[in-house]
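Q: Sending over a structure as structure tokens; questions will come in a sec.
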Amino acid sequence: MKGQAFRTISLEATHRMKEKYDPRTIETEWQAFWEKTDLFKVSEDPSREKYYLLEMFPYPSGKIHMGHVRNYTIGDVVARYKRMRGFNVLHPMGWDAFGMPAENAAIANNTHPAQWTYDNIDAMRTQLKRLGFSYDWDREIATCRPEYYRWEQWLFIKMYEKGMAYRKESFVNWCETCQTVLANEQVEAGMCWRCGKPVRQKKLRQWFFRITDYAEDLLAYCDRLEGWPEKVTTMQKNWIGRSTGAEIHFPVENRDEAITVFTTRQDTVFGAAFMCLAPEHPLVTTLSHGTQQEAAVADFIDRMALSDRSSRAVEEYEKEGVFTGGYCINPMNGRRMPVYTANFALMEYGTGAVMSVPAHDQRDFEFARKYHLEIVVVVQPPNEELDPTTMTEAYAGDGTMVNSGAFNGLHNREAMEAIAGRMEKKGVGKKTVNYRLRDWGISRQRYWGAPIPMVHCKDCGIVPAAEADLPILLPEDAELLEGGKSPLPSLEAFIQTTCPGCGRPARRETDTMDTFVESSWYFDRYCSPRRHDAMFDKEAVDYWMPVDQYIGGVEHAILHLLYSRYFTRVLNELGLIDCKEPFTRLLTQGMVCKETVACPAHGFLFPEEIQESGEDRLCRKCGDQVTVGRVEKMSKSKKNVIDPNVLLDRYGADTTRLFCLFAAPPERDLEWSEQGVEGGHRFLNRVWRLFNAWEEAVREVSPSDGKGLPSEVKGLYRKTHGTIKKVTNDIEERFHFNTAISAVMELVNGMNAVETNAAAPENASRETAAVMKLAMETTVKLLSPMVPHFAEELWRATGHEGSVLLTSWPDYDEAALKTDEILIVVQVNGKLRGRFTIDADADQSAVKQRALEDDQVWKFIDGKAIKKVIVVKNKLVNIVV
RNA sequence: GCCUGGGUGGCGGAACAGGUAGACGCAAGGGACUUAAAAUCCCUUAUGGCUUAGUCCAUGUACGGGUUCAAUUCCCGUCCCAGGUACCA
């Protein structure tokens, strides 16, 4: 605090709370107070233990949605909790500000992407502030600012120099009409999502990051990420897709070259009867050239280029192919194998060539049957004899080798090793490891992104921009073009430059970077966001990193998280940071869902388009009955959205936060419920009234230490300590805020019962008031991370100065949890038959005795022989008869 | 197809290490307060049964088996739902 009393918040301890809970007033007052007193500002302090809490930063689309509210509420609770636990907590926020929607919006509204983006950021920042999140706003970053992407360009150059960034030709989804590259998810059934015209596979020179160099390391560390959900590490492992096998070279007939394949089943090489190449494979055209097949092959390649990857991958896609006219030779047995090109062979996996073993691979089997190709059995299963003429499906299991020359009789698993060894000796192949993971293509033919800082020079080739020229600014005066084509290649003022090598005129690279690049290091930048002469302040980044707890949607399980892990390794190797894994613990929160409502005439309806009339729900546009559909993730297209602003206006931030936390545990989907929000609001009101009633009575007393308790409040004292324990565990170990809140609700119910059962506040004994005070202060502290404004106000009401956030989290006294008497339940043959209470220190035989004497129990054991009696300490007795 | 999750009252969800199934909240019904309504407070609420309406009995955590004194929890099999992934050679 800066010494001066803040205007609207009275700092006096005698400040009286208002009769009525008015969230809007207290929330704006406390937000202003926090800001004025710099409460959330942090700096490195080596004497204190740090805690870096991060939520995935949002794309500035214009409005916060409920998914954000949930994500950031969860994060804020943890941040505030850790802070009360004494940690030096870094909790920053910023904007993932480059990307396509800004360009689309700019075209649609005739604004500039920068203008649109910055306006959105302002709007969303205001919303986040209204929710009372404890961000250190001084660290805010927007990735579209030159101060940010300058360092991304700098890093790109470092990576280029180290060979980690390179350029190569690859296939992309290309829309001719829009003159642009489309991401896979922008291709709908083979058509451009924007103009509806067919999408082609086009070869383009593109920039790549060599993430595959780290495939093994990224995979190996998956098992060490103990704080990550297994679901996510499993998805990453599958994505990396390591498989062991062999690389085999099949010489091409009459040519001095070979087709190299990757296979995991080198044991079946003697059964390889034909070869399948991806349509994009360079040999396909070469082999068919001058043969009768030439026209058919060309036609097939054309047709395949038209179908994008996702539609090629649709279910039950018919396997088809065309003979290329060429042959290759099986290096192990000299078999002449026809070379086909087939739609199921993928250029981007392995070598783009498949040795086809129809007897032992289902896909090859179907292909062979369709085109009447040879089927050779080389692995015989243990209990049956395979006959190639009558087989109805491939046999992919293990067995004994046949038709395989010197390897006949071996078990196929042994043969794998033996054949690999033999191939290596002959120089026709070797054991190898293959990954599904591809290098990361980062080129985008887009305007609204970070320019790739490279220069094309006629004489020197491709050279990095000079460090002194950074940042390579994205020109602001660009005119956005209908259709999405990047204006950069036609902006002469941008393109023309001089070569940093020879000084002669040269041209700038016009590709911009994939926006996943920005989000792969923003968490490092938060550590020293204003540093202008370096990417990061090494000391700061080594103090704060790695992120202790990262929170976000599971939809980023693969790309964002994998790229961030990769970048951390790169930065580590370049000596810029010490850590190797960026996120120690990861929480993936569930989606926010709501029922969909549709009208037969008008389709999906927004909640405000629905009229409630008695039991009926009607469409406001036409008055017809609406139909209620499935509960689905809130989305604009389904119109099942709730605008957080409406909630903030109606209930305030604390109720909104409380509902998000209470309705479901964080990792599960949350189903929206208007009544649930009401319920949360009612709870806060109930607490408010309780505090109002007791405010005077507890003002002068100190919280009870548990000594000399009147019997009517003994239970409440114990409950208070029990609640601290429960809430602490729920937050600390599981982030189960829903059960934490339930526990506080129970405590509040307990406090209410004091008034009904024991004493009205005005004639409560001093001891009773002392226990009440303890319970009240505990309630405030336990609730403060979740409903911070509300808690601040009540903290004042219990006679304290300053912010409750600056106090420490309450401890519980294990001794206070002990009860004099405990409840024992009695079972007969495992069925509940009775219960009794007994002194907590009673020994087991006494407990057993009591159980056997119980009237209720006796009814069930009378006349039967007791076989066994099991006594579980402090819990139950089970009598087996 | 494969890989993850998940299936518990009218609903959201609890039961953390096999030990009282249904915490807490919502909704519903009844009652109190009020001229009235809202708000608030109290009571009831898994299903079925009843000779003793009870500290009662039976059934019950998707379904079928199993292990155990005891299973929502562990094991085997089946069904359904959600998410991810997919011709990966």
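In the structure tokens, each chain is lettered A, B, ... as it comes, each chain's residues begin at 1, and ligands are numbered from 1 in order of appearance.
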For chain A, report every residue with an atom at most 6 Å from chain B (counting only C-alpha atoms (C1' of nucleotides)), formatted as a PyMOL selection string.

A: chain A and resi 231+263+344+354+676+742+830

Q: Would you return as a PyMOL selection string the members of segment 357-523 of chain A that DSSP assigns to strand (DSSP E or B) on this structure's backbone?

A: chain A and resi 379-380+400-401+411+429-435+440-441+443-444+451+454-457+461-464+496-498+505-508+512-513

Q: Would you mind listing what lies within 12 Å of segment 79-81 of chain A as a PyMOL selection string, with only C-alpha atoms (C1' of nucleotides) counted and same-chain residues fewer than 4 positions away left out?

A: chain A and resi 39-40+50-55+72-75+85-92+132-136+548-551+727-732+735+737+781-788+803-810

Q: Find the spatial neighbours of U8 of chain B, counting only C-alpha atoms (C1' of nucleotides), within a cut-off of 9 Å - ignore same-chain residues fewer than 6 positions away - and output them as number ranges by chain.

A: B: 21-22, 61, 72

Q: Print the selection's residues with C-alpha atoms (C1' of nucleotides) to a file, as a short mmCIF file (atom, residue, chain, number, x, y, z; two decimals), in the first residue's frame.

A:
```cif
data_model
loop_
_atom_site.label_atom_id
_atom_site.label_comp_id
_atom_site.auth_asym_id
_atom_site.auth_seq_id
_atom_site.Cartn_x
_atom_site.Cartn_y
_atom_site.Cartn_z
"C1'" A B 21 -24.02 -44.97 -1.54
"C1'" G B 22 -26.35 -40.21 -2.82
"C1'" U B 61 -23.99 -46.90 -8.72
"C1'" U B 72 -19.57 -47.27 -7.21
#
```

Q: Skipping near chain neighbours, those fewer than 4 positions away, what residues fall within 6 Å of segment 658-663 of chain A using only C-alpha atoms (C1' of nucleotides), listed as a list of chain:residue names?

A: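 In the requested form, the answer reads A:Arg70, A:Asp654, A:Val677, A:Gly680, A:Phe737, A:Asn738.
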
Q: Filtering to N, CA, C and O atoms, could you give me those residues as a tab-separated table (two decimals), in the first residue's frame?

A:
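Final output, selection20.tsv:
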```tsv
chain	number	residue	atom	x	y	z
A	70	ARG	N	-13.85	-19.75	-17.56
A	70	ARG	CA	-13.59	-20.93	-16.76
A	70	ARG	C	-12.08	-21.15	-16.60
A	70	ARG	O	-11.59	-21.34	-15.49
A	654	ASP	N	-17.95	-12.37	-8.89
A	654	ASP	CA	-17.77	-13.44	-7.90
A	654	ASP	C	-18.74	-14.59	-8.12
A	654	ASP	O	-18.36	-15.76	-8.05
A	677	VAL	N	-26.28	-20.91	-11.41
A	677	VAL	CA	-25.72	-19.58	-11.15
A	677	VAL	C	-26.51	-18.91	-10.03
A	677	VAL	O	-25.94	-18.34	-9.10
A	680	GLY	N	-25.48	-20.25	-6.73
A	680	GLY	CA	-24.21	-19.69	-6.27
A	680	GLY	C	-24.42	-18.30	-5.69
A	680	GLY	O	-23.86	-17.94	-4.65
A	737	PHE	N	-12.25	-27.78	-6.93
A	737	PHE	CA	-12.84	-26.63	-6.26
A	737	PHE	C	-14.30	-26.88	-5.93
A	737	PHE	O	-14.83	-26.28	-5.00
A	738	ASN	N	-14.94	-27.74	-6.70
A	738	ASN	CA	-16.36	-28.01	-6.43
A	738	ASN	C	-16.56	-28.61	-5.04
A	738	ASN	O	-17.45	-28.20	-4.30
```
